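J.: Just one file: query38.txt, with compact mmCIF, N, CA and C atoms.
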```txt
# COMPACT_ATOMS: atom_id res chain seq x y z
N MET A 1202 1.02 -16.88 27.20
CA MET A 1202 1.29 -17.59 25.97
C MET A 1202 1.99 -16.65 24.98
N PRO A 1203 3.17 -17.01 24.46
CA PRO A 1203 3.88 -16.13 23.53
C PRO A 1203 3.13 -15.98 22.22
N ARG A 1204 3.28 -14.82 21.62
CA ARG A 1204 2.64 -14.57 20.33
C ARG A 1204 3.39 -15.31 19.24
N ALA A 1205 2.65 -15.85 18.32
CA ALA A 1205 3.26 -16.57 17.19
C ALA A 1205 4.01 -15.59 16.30
N GLU A 1206 5.13 -16.04 15.76
CA GLU A 1206 5.91 -15.21 14.86
C GLU A 1206 5.19 -15.02 13.53
N PHE A 1207 4.41 -16.03 13.13
CA PHE A 1207 3.72 -16.00 11.85
C PHE A 1207 2.22 -15.90 12.06
N ILE A 1208 1.55 -15.23 11.14
CA ILE A 1208 0.10 -15.10 11.20
C ILE A 1208 -0.49 -15.49 9.85
N THR A 1209 -1.75 -15.86 9.87
CA THR A 1209 -2.43 -16.24 8.63
C THR A 1209 -2.88 -14.98 7.89
N ILE A 1210 -3.32 -15.18 6.66
CA ILE A 1210 -3.82 -14.05 5.87
C ILE A 1210 -5.09 -13.48 6.52
N GLY A 1211 -5.90 -14.35 7.10
CA GLY A 1211 -7.09 -13.89 7.79
C GLY A 1211 -6.76 -13.03 9.00
N GLU A 1212 -5.73 -13.43 9.74
CA GLU A 1212 -5.31 -12.62 10.90
C GLU A 1212 -4.74 -11.28 10.46
N LEU A 1213 -3.97 -11.30 9.37
CA LEU A 1213 -3.42 -10.05 8.86
C LEU A 1213 -4.55 -9.12 8.40
N SER A 1214 -5.53 -9.70 7.76
CA SER A 1214 -6.69 -8.92 7.31
C SER A 1214 -7.42 -8.30 8.51
N LYS A 1215 -7.62 -9.09 9.52
CA LYS A 1215 -8.34 -8.61 10.71
C LYS A 1215 -7.56 -7.50 11.41
N ARG A 1216 -6.25 -7.65 11.52
CA ARG A 1216 -5.42 -6.66 12.22
C ARG A 1216 -5.29 -5.35 11.45
N THR A 1217 -5.31 -5.42 10.12
CA THR A 1217 -5.07 -4.22 9.31
C THR A 1217 -6.34 -3.60 8.74
N GLY A 1218 -7.43 -4.37 8.72
CA GLY A 1218 -8.66 -3.89 8.11
C GLY A 1218 -8.64 -3.97 6.60
N VAL A 1219 -7.66 -4.67 6.04
CA VAL A 1219 -7.52 -4.81 4.59
C VAL A 1219 -8.10 -6.16 4.18
N ALA A 1220 -8.93 -6.16 3.16
CA ALA A 1220 -9.56 -7.39 2.70
C ALA A 1220 -8.51 -8.42 2.26
N VAL A 1221 -8.84 -9.68 2.44
CA VAL A 1221 -7.95 -10.76 2.04
C VAL A 1221 -7.59 -10.64 0.56
N SER A 1222 -8.56 -10.30 -0.26
CA SER A 1222 -8.29 -10.16 -1.70
C SER A 1222 -7.27 -9.05 -1.96
N ALA A 1223 -7.33 -7.97 -1.19
CA ALA A 1223 -6.37 -6.88 -1.34
C ALA A 1223 -4.98 -7.32 -0.89
N LEU A 1224 -4.91 -8.14 0.15
CA LEU A 1224 -3.61 -8.65 0.61
C LEU A 1224 -2.99 -9.55 -0.46
N ARG A 1225 -3.81 -10.33 -1.13
CA ARG A 1225 -3.31 -11.16 -2.23
C ARG A 1225 -2.80 -10.27 -3.37
N PHE A 1226 -3.54 -9.20 -3.64
CA PHE A 1226 -3.12 -8.23 -4.66
C PHE A 1226 -1.77 -7.62 -4.27
N TYR A 1227 -1.63 -7.21 -3.01
CA TYR A 1227 -0.36 -6.66 -2.53
C TYR A 1227 0.77 -7.66 -2.73
N GLU A 1228 0.49 -8.92 -2.48
CA GLU A 1228 1.49 -9.96 -2.69
C GLU A 1228 1.87 -10.03 -4.17
N ASP A 1229 0.88 -10.03 -5.04
CA ASP A 1229 1.13 -10.09 -6.49
C ASP A 1229 1.98 -8.91 -6.96
N LYS A 1230 1.81 -7.77 -6.33
CA LYS A 1230 2.54 -6.56 -6.73
C LYS A 1230 3.89 -6.42 -6.03
N GLY A 1231 4.23 -7.36 -5.15
CA GLY A 1231 5.53 -7.34 -4.49
C GLY A 1231 5.60 -6.53 -3.22
N LEU A 1232 4.44 -6.14 -2.68
CA LEU A 1232 4.42 -5.39 -1.44
C LEU A 1232 4.58 -6.29 -0.22
N LEU A 1233 4.14 -7.52 -0.34
CA LEU A 1233 4.24 -8.52 0.73
C LEU A 1233 4.89 -9.78 0.19
N HIS A 1234 5.59 -10.46 1.06
CA HIS A 1234 6.29 -11.68 0.67
C HIS A 1234 6.03 -12.78 1.69
N PRO A 1235 4.84 -13.36 1.67
CA PRO A 1235 4.53 -14.39 2.65
C PRO A 1235 5.31 -15.68 2.39
N LEU A 1236 5.44 -16.45 3.43
CA LEU A 1236 6.02 -17.78 3.31
C LEU A 1236 4.88 -18.74 3.02
N ARG A 1237 5.19 -19.92 2.54
CA ARG A 1237 4.16 -20.92 2.26
C ARG A 1237 4.41 -22.15 3.13
N THR A 1238 3.33 -22.70 3.66
CA THR A 1238 3.41 -23.93 4.43
C THR A 1238 3.50 -25.10 3.46
N ASN A 1239 3.70 -26.31 4.00
CA ASN A 1239 3.70 -27.50 3.16
C ASN A 1239 2.38 -27.66 2.43
N GLY A 1240 1.30 -27.17 3.03
CA GLY A 1240 -0.03 -27.21 2.40
C GLY A 1240 -0.29 -26.01 1.50
N ASN A 1241 0.74 -25.20 1.21
CA ASN A 1241 0.67 -24.04 0.32
C ASN A 1241 -0.18 -22.89 0.89
N GLN A 1242 -0.33 -22.85 2.20
CA GLN A 1242 -1.04 -21.73 2.81
C GLN A 1242 -0.06 -20.60 3.10
N ARG A 1243 -0.53 -19.38 2.95
CA ARG A 1243 0.30 -18.21 3.22
C ARG A 1243 0.50 -18.04 4.72
N ARG A 1244 1.70 -17.67 5.10
CA ARG A 1244 2.00 -17.29 6.47
C ARG A 1244 2.80 -16.00 6.41
N PHE A 1245 2.31 -15.01 7.12
CA PHE A 1245 2.94 -13.70 7.13
C PHE A 1245 3.68 -13.49 8.44
N LEU A 1246 4.75 -12.75 8.36
CA LEU A 1246 5.44 -12.35 9.57
C LEU A 1246 4.59 -11.31 10.29
N ARG A 1247 4.64 -11.33 11.59
CA ARG A 1247 3.89 -10.34 12.37
C ARG A 1247 4.28 -8.92 11.95
N SER A 1248 5.53 -8.72 11.55
CA SER A 1248 5.98 -7.39 11.12
C SER A 1248 5.29 -6.93 9.85
N ASP A 1249 4.63 -7.84 9.12
CA ASP A 1249 3.89 -7.44 7.93
C ASP A 1249 2.69 -6.56 8.26
N ILE A 1250 2.25 -6.57 9.50
CA ILE A 1250 1.18 -5.65 9.92
C ILE A 1250 1.63 -4.22 9.69
N ARG A 1251 2.88 -3.94 10.04
CA ARG A 1251 3.41 -2.58 9.83
C ARG A 1251 3.59 -2.28 8.35
N ARG A 1252 4.00 -3.26 7.58
CA ARG A 1252 4.17 -3.04 6.13
C ARG A 1252 2.83 -2.68 5.50
N VAL A 1253 1.78 -3.39 5.86
CA VAL A 1253 0.45 -3.11 5.31
C VAL A 1253 -0.02 -1.73 5.78
N SER A 1254 0.24 -1.40 7.03
CA SER A 1254 -0.14 -0.08 7.54
C SER A 1254 0.57 1.02 6.74
N PHE A 1255 1.84 0.80 6.43
CA PHE A 1255 2.59 1.75 5.62
C PHE A 1255 1.93 1.91 4.24
N VAL A 1256 1.54 0.80 3.64
CA VAL A 1256 0.88 0.85 2.32
C VAL A 1256 -0.39 1.70 2.40
N LEU A 1257 -1.18 1.49 3.43
CA LEU A 1257 -2.43 2.23 3.58
C LEU A 1257 -2.17 3.73 3.72
N ILE A 1258 -1.19 4.08 4.52
CA ILE A 1258 -0.86 5.50 4.70
C ILE A 1258 -0.32 6.09 3.40
N ALA A 1259 0.58 5.38 2.74
CA ALA A 1259 1.16 5.87 1.49
C ALA A 1259 0.08 6.07 0.43
N GLN A 1260 -0.89 5.15 0.38
CA GLN A 1260 -1.99 5.31 -0.58
C GLN A 1260 -2.81 6.55 -0.26
N LYS A 1261 -3.07 6.80 1.01
CA LYS A 1261 -3.83 8.00 1.41
C LYS A 1261 -3.08 9.27 1.04
N LEU A 1262 -1.74 9.19 1.04
CA LEU A 1262 -0.93 10.34 0.66
C LEU A 1262 -0.88 10.54 -0.85
N GLY A 1263 -1.41 9.56 -1.59
CA GLY A 1263 -1.47 9.68 -3.03
C GLY A 1263 -0.28 9.08 -3.76
N LEU A 1264 0.55 8.30 -3.07
CA LEU A 1264 1.68 7.67 -3.75
C LEU A 1264 1.18 6.57 -4.66
N ALA A 1265 1.81 6.45 -5.81
CA ALA A 1265 1.49 5.39 -6.76
C ALA A 1265 2.02 4.07 -6.23
N LEU A 1266 1.42 2.99 -6.66
CA LEU A 1266 1.81 1.66 -6.22
C LEU A 1266 3.30 1.41 -6.46
N GLU A 1267 3.81 1.85 -7.60
CA GLU A 1267 5.23 1.65 -7.91
C GLU A 1267 6.12 2.38 -6.91
N GLU A 1268 5.68 3.57 -6.48
CA GLU A 1268 6.44 4.33 -5.50
C GLU A 1268 6.44 3.61 -4.15
N ILE A 1269 5.30 3.05 -3.79
CA ILE A 1269 5.19 2.34 -2.52
C ILE A 1269 6.09 1.11 -2.53
N VAL A 1270 6.07 0.38 -3.65
CA VAL A 1270 6.93 -0.80 -3.77
C VAL A 1270 8.39 -0.40 -3.59
N ALA A 1271 8.79 0.70 -4.21
CA ALA A 1271 10.18 1.16 -4.12
C ALA A 1271 10.55 1.50 -2.68
N HIS A 1272 9.66 2.17 -1.97
CA HIS A 1272 9.94 2.52 -0.57
C HIS A 1272 10.00 1.27 0.31
N LEU A 1273 9.08 0.35 0.10
CA LEU A 1273 9.07 -0.87 0.90
C LEU A 1273 10.30 -1.73 0.65
N ALA A 1274 10.90 -1.61 -0.50
CA ALA A 1274 12.12 -2.37 -0.79
C ALA A 1274 13.24 -1.98 0.16
N ASN A 1275 13.13 -0.81 0.76
CA ASN A 1275 14.14 -0.34 1.71
C ASN A 1275 13.89 -0.81 3.14
N LEU A 1276 12.74 -1.43 3.38
CA LEU A 1276 12.46 -1.96 4.72
C LEU A 1276 13.05 -3.36 4.84
N PRO A 1277 13.47 -3.72 6.03
CA PRO A 1277 14.04 -5.06 6.21
C PRO A 1277 12.96 -6.13 6.15
N GLU A 1278 13.31 -7.26 5.61
CA GLU A 1278 12.41 -8.42 5.62
C GLU A 1278 12.72 -9.23 6.87
N GLY A 1279 11.72 -9.78 7.49
CA GLY A 1279 11.94 -10.72 8.58
C GLY A 1279 12.07 -10.12 9.95
N ARG A 1280 11.95 -8.80 10.06
CA ARG A 1280 11.98 -8.18 11.38
C ARG A 1280 11.18 -6.89 11.34
N ASN A 1281 10.80 -6.43 12.52
CA ASN A 1281 10.11 -5.15 12.60
C ASN A 1281 11.08 -4.04 12.22
N PRO A 1282 10.61 -3.07 11.45
CA PRO A 1282 11.48 -1.94 11.11
C PRO A 1282 11.83 -1.15 12.36
N THR A 1283 13.04 -0.65 12.40
CA THR A 1283 13.48 0.19 13.51
C THR A 1283 13.10 1.64 13.21
N LEU A 1284 13.29 2.48 14.19
CA LEU A 1284 13.05 3.91 14.00
C LEU A 1284 13.93 4.45 12.89
N GLU A 1285 15.17 3.99 12.83
CA GLU A 1285 16.08 4.44 11.77
C GLU A 1285 15.61 3.98 10.39
N ASP A 1286 15.07 2.76 10.30
CA ASP A 1286 14.51 2.28 9.03
C ASP A 1286 13.41 3.22 8.55
N TRP A 1287 12.51 3.60 9.45
CA TRP A 1287 11.40 4.49 9.09
C TRP A 1287 11.91 5.88 8.73
N ARG A 1288 12.95 6.34 9.43
CA ARG A 1288 13.50 7.67 9.13
C ARG A 1288 14.07 7.73 7.71
N LYS A 1289 14.74 6.67 7.29
CA LYS A 1289 15.28 6.64 5.93
C LYS A 1289 14.16 6.75 4.90
N ILE A 1290 13.10 6.00 5.12
CA ILE A 1290 11.97 6.06 4.20
C ILE A 1290 11.30 7.43 4.26
N SER A 1291 11.17 7.96 5.46
CA SER A 1291 10.54 9.27 5.63
C SER A 1291 11.31 10.34 4.87
N ARG A 1292 12.61 10.32 4.97
CA ARG A 1292 13.42 11.31 4.25
C ARG A 1292 13.23 11.16 2.74
N ALA A 1293 13.17 9.93 2.28
CA ALA A 1293 12.99 9.69 0.85
C ALA A 1293 11.61 10.15 0.37
N MET A 1294 10.62 10.01 1.21
CA MET A 1294 9.25 10.37 0.83
C MET A 1294 8.97 11.86 0.96
N ARG A 1295 9.72 12.53 1.80
CA ARG A 1295 9.43 13.94 2.11
C ARG A 1295 9.37 14.82 0.87
N GLU A 1296 10.31 14.64 -0.05
CA GLU A 1296 10.32 15.46 -1.26
C GLU A 1296 9.07 15.21 -2.10
N GLN A 1297 8.67 13.94 -2.23
CA GLN A 1297 7.45 13.62 -2.99
C GLN A 1297 6.22 14.23 -2.32
N ILE A 1298 6.15 14.13 -1.01
CA ILE A 1298 5.00 14.66 -0.28
C ILE A 1298 4.96 16.18 -0.40
N ASP A 1299 6.12 16.83 -0.25
CA ASP A 1299 6.17 18.29 -0.37
C ASP A 1299 5.73 18.75 -1.76
N ALA A 1300 6.14 18.02 -2.79
CA ALA A 1300 5.72 18.37 -4.16
C ALA A 1300 4.21 18.23 -4.31
N ARG A 1301 3.65 17.20 -3.72
CA ARG A 1301 2.19 17.02 -3.78
C ARG A 1301 1.46 18.11 -3.02
N ILE A 1302 2.00 18.50 -1.87
CA ILE A 1302 1.39 19.58 -1.09
C ILE A 1302 1.40 20.87 -1.90
N THR A 1303 2.52 21.16 -2.55
CA THR A 1303 2.62 22.36 -3.39
C THR A 1303 1.59 22.34 -4.50
N LEU A 1304 1.47 21.19 -5.17
CA LEU A 1304 0.50 21.06 -6.25
C LEU A 1304 -0.93 21.21 -5.73
N LEU A 1305 -1.23 20.58 -4.60
CA LEU A 1305 -2.57 20.69 -4.03
C LEU A 1305 -2.89 22.12 -3.62
N ASN A 1306 -1.94 22.81 -3.01
CA ASN A 1306 -2.16 24.21 -2.62
C ASN A 1306 -2.38 25.10 -3.84
N ARG A 1307 -1.54 24.90 -4.87
CA ARG A 1307 -1.68 25.69 -6.09
C ARG A 1307 -3.05 25.42 -6.73
N THR A 1308 -3.44 24.16 -6.77
CA THR A 1308 -4.73 23.80 -7.37
C THR A 1308 -5.88 24.43 -6.58
N ARG A 1309 -5.82 24.30 -5.26
CA ARG A 1309 -6.87 24.88 -4.42
C ARG A 1309 -6.96 26.38 -4.63
N ASN A 1310 -5.83 27.05 -4.65
CA ASN A 1310 -5.82 28.51 -4.83
C ASN A 1310 -6.35 28.91 -6.20
N GLN A 1311 -5.95 28.19 -7.24
CA GLN A 1311 -6.43 28.50 -8.59
C GLN A 1311 -7.93 28.26 -8.69
N LEU A 1312 -8.40 27.17 -8.09
CA LEU A 1312 -9.84 26.89 -8.15
C LEU A 1312 -10.63 27.97 -7.42
N ASP A 1313 -10.15 28.38 -6.26
CA ASP A 1313 -10.84 29.44 -5.50
C ASP A 1313 -10.92 30.72 -6.32
N GLN A 1314 -9.80 31.07 -6.94
CA GLN A 1314 -9.76 32.31 -7.70
C GLN A 1314 -10.56 32.22 -8.98
N CYS A 1315 -10.43 31.11 -9.69
CA CYS A 1315 -11.10 30.97 -10.98
C CYS A 1315 -12.61 30.86 -10.78
N ILE A 1316 -13.04 30.03 -9.87
CA ILE A 1316 -14.47 29.89 -9.63
C ILE A 1316 -15.05 31.19 -9.10
N GLY A 1317 -14.23 31.91 -8.33
CA GLY A 1317 -14.69 33.18 -7.77
C GLY A 1317 -14.95 34.25 -8.81
N CYS A 1318 -14.23 34.20 -9.94
CA CYS A 1318 -14.41 35.25 -10.95
C CYS A 1318 -15.68 35.04 -11.76
N GLY A 1319 -16.14 33.79 -11.86
CA GLY A 1319 -17.40 33.53 -12.52
C GLY A 1319 -17.34 33.15 -13.99
N CYS A 1320 -16.22 33.40 -14.67
CA CYS A 1320 -16.23 33.12 -16.11
C CYS A 1320 -16.05 31.63 -16.41
N LEU A 1321 -15.30 30.93 -15.59
CA LEU A 1321 -15.10 29.49 -15.73
C LEU A 1321 -14.57 29.07 -17.10
N SER A 1322 -13.91 29.96 -17.80
CA SER A 1322 -13.37 29.62 -19.12
C SER A 1322 -11.99 30.24 -19.25
N LEU A 1323 -10.97 29.41 -19.48
CA LEU A 1323 -9.62 29.95 -19.65
C LEU A 1323 -9.48 30.73 -20.95
N THR A 1324 -10.31 30.43 -21.93
CA THR A 1324 -10.20 31.19 -23.19
C THR A 1324 -10.84 32.57 -23.07
N LYS A 1325 -11.80 32.75 -22.16
CA LYS A 1325 -12.45 34.04 -21.97
C LYS A 1325 -11.89 34.81 -20.78
N CYS A 1326 -11.07 34.16 -19.98
CA CYS A 1326 -10.61 34.75 -18.72
C CYS A 1326 -9.68 35.94 -18.97
N GLN A 1327 -10.08 37.10 -18.50
CA GLN A 1327 -9.27 38.31 -18.65
C GLN A 1327 -8.33 38.50 -17.46
N LEU A 1328 -8.53 37.73 -16.42
CA LEU A 1328 -7.71 37.87 -15.22
C LEU A 1328 -6.49 36.96 -15.27
N TYR A 1329 -6.69 35.68 -15.55
CA TYR A 1329 -5.61 34.70 -15.49
C TYR A 1329 -5.10 34.25 -16.86
N ASN A 1330 -5.90 34.47 -17.89
CA ASN A 1330 -5.50 33.94 -19.19
C ASN A 1330 -5.88 34.90 -20.30
N LYS A 1331 -5.53 36.16 -20.14
CA LYS A 1331 -5.86 37.17 -21.14
C LYS A 1331 -5.28 36.75 -22.49
N ASP A 1332 -6.10 36.79 -23.50
CA ASP A 1332 -5.73 36.42 -24.86
C ASP A 1332 -5.22 34.98 -24.98
N ASP A 1333 -5.62 34.13 -24.06
CA ASP A 1333 -5.28 32.70 -24.06
C ASP A 1333 -3.77 32.46 -24.14
N LYS A 1334 -3.00 33.25 -23.40
CA LYS A 1334 -1.53 33.09 -23.39
C LYS A 1334 -1.12 31.72 -22.84
N LEU A 1335 -1.90 31.17 -21.94
CA LEU A 1335 -1.55 29.86 -21.38
C LEU A 1335 -1.62 28.77 -22.44
N GLY A 1336 -2.46 28.94 -23.43
CA GLY A 1336 -2.57 27.97 -24.51
C GLY A 1336 -1.27 27.83 -25.30
N LEU A 1337 -0.47 28.89 -25.32
CA LEU A 1337 0.81 28.85 -26.01
C LEU A 1337 1.85 27.99 -25.29
N LYS A 1338 1.61 27.75 -24.00
CA LYS A 1338 2.55 26.94 -23.21
C LYS A 1338 2.32 25.45 -23.36
N GLY A 1339 1.24 25.08 -24.01
CA GLY A 1339 0.97 23.65 -24.22
C GLY A 1339 -0.39 23.26 -23.69
N PRO A 1340 -0.72 21.98 -23.86
CA PRO A 1340 -2.04 21.51 -23.46
C PRO A 1340 -2.16 21.33 -21.95
N GLY A 1341 -3.39 21.25 -21.50
CA GLY A 1341 -3.64 20.94 -20.09
C GLY A 1341 -3.71 22.18 -19.21
N PRO A 1342 -3.88 21.95 -17.92
CA PRO A 1342 -4.05 23.06 -16.95
C PRO A 1342 -2.72 23.72 -16.62
N ARG A 1343 -2.22 24.56 -17.50
CA ARG A 1343 -0.90 25.17 -17.35
C ARG A 1343 -0.80 26.03 -16.09
N ALA A 1344 -1.85 26.70 -15.69
CA ALA A 1344 -1.78 27.56 -14.51
C ALA A 1344 -1.50 26.76 -13.25
N VAL A 1345 -1.86 25.51 -13.25
CA VAL A 1345 -1.63 24.67 -12.07
C VAL A 1345 -0.36 23.85 -12.23
N LEU A 1346 -0.11 23.28 -13.39
CA LEU A 1346 1.00 22.35 -13.55
C LEU A 1346 2.35 23.02 -13.80
N ASP A 1347 2.37 24.26 -14.24
CA ASP A 1347 3.66 24.92 -14.49
C ASP A 1347 4.25 25.46 -13.22
```
Translate this file's structure into structure tokens.
T.:
Amino acid sequence: MPRAEFITIGELSKRTGVAVSALRFYEDKGLLHPLRTNGNQRRFLRSDIRRVSFVLIAQKLGLALEEIVAHLANLPEGRNPTLEDWRKISRAMREQIDARITLLNRTRNQLDQCIGCGCLSLTKCQLYNKDDKLGLKGPGPRAVLD
């Protein structure tokens, strides 16, 4: 028996592990574009399984919803994405991911060093913030964000 081209929201939920309410939220935010039956029921393309999977991975990577929407706008509607489609998105995401990795590594290293010294205060720190020089650079965690 051939697989149906369209699936219900319940089937999409079951295949992706994403709650029906979250799928509706994704639709509201423009991540999914289901078709409607004459009875106003949602019908998703089978390829939407991959779109939802992409959303889940992108969220785990820390991408904001707006960033995910922008990347998904580059995927084709109505067909499964090809390897080349994914490569284009991958190249676009690589810079964002690399920047996040750099920030996470810097944060981890600063936390290890700062917690290791024991003072836990940037105003008292003689190692990383002697005379509170970082305070002159502006508010917030300057050692990590600069």
J.: Rank nothing, just name the residue among A:Ile1302, A:Leu1246, A:Ala1223, A:Leu1236 nearest to Phe1207 in chain A, using only N, CA and C atoms.
T.: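 Smallest separation from Phe1207 in chain A among the options: A:Leu1246.
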J.: Given only N, CA and C atoms, how would the per-residue table for range 1205-1252 of chain A near range 1273-1293 of chain A read, listing every residue at most 8 Å away with its closest atom pair and distance in Å to one decimal, sorted by chain and number, as a tab-separated table?
T.:
```
residue	atom	partner	partner_atom	distance
A:Gly1231	C	A:Ala1274	N	7.7
A:Leu1232	CA	A:Leu1273	CA	6.9
A:Leu1246	CA	A:Gly1279	CA	6.8
A:Arg1247	C	A:Asn1281	CA	7.0
A:Ser1248	CA	A:Asn1281	CA	4.9
A:Asp1249	N	A:Arg1280	C	7.0
A:Arg1251	CA	A:Pro1282	N	7.4
A:Arg1252	CA	A:Leu1273	CA	7.5
```
J.: Let me have the centre and edge lengths in Å, one decimal, of the box along x, y and z around every listed atom of range 1234-1246 of chain A with 8 Å of margin on each side, as lines of an AutoDock Vina configuration file.
T.:
```
center_x = 2.6
center_y = -19.1
center_z = 5.3
size_x = 23.3
size_y = 33.2
size_z = 26.0
```
J.: What's the 10 Å shell around Glu1268 in chain A, counting only C-alpha atoms, without same-chain residues fewer than 6 positions away, as number ranges by chain?
T.: A: 1259-1260, 1274, 1294, 1297
J.: Please return as a ChimeraX atom specification: the residues of range 1202-1297 of chain A that backbone DSSP assigns to strand (DSSP E).
T.: /A:1207-1208,1236-1237,1243-1246
J.: Suppose you want the space between CA of Ile1250 in chain A and CA of Thr1217 in chain A; what is it in Å?
T.: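 It comes out at 6.4 Å.
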J.: For CA of Ile1258 in chain A and CA of Gly1218 in chain A, determine how far apart the two atoms are, in Å to one decimal place.
T.: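 We find that CA of Ile1258 in chain A and CA of Gly1218 in chain A lie 12.7 Å from each other.
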J.: Using all atoms listed in the file, which of the listed residues (A:Glu1212, A:Asn1241, A:Val1270, A:Leu1262) sits closest to Arg1301 in chain A?
T.: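 Residue with the minimum atom-to-atom distance to Arg1301 in chain A: A:Leu1262.
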J.: Considering only N, CA and C atoms, return as a list of chain:residue names whatever protein or nucleic-acid residues lie within 7 Å of Val1221 in chain A, sequence-local ones (same chain, fewer than 4 positions apart) excluded.
T.: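 Answer for this query is A:Ile1210, A:Gly1211, A:Ser1214, A:Arg1225, A:Phe1226.
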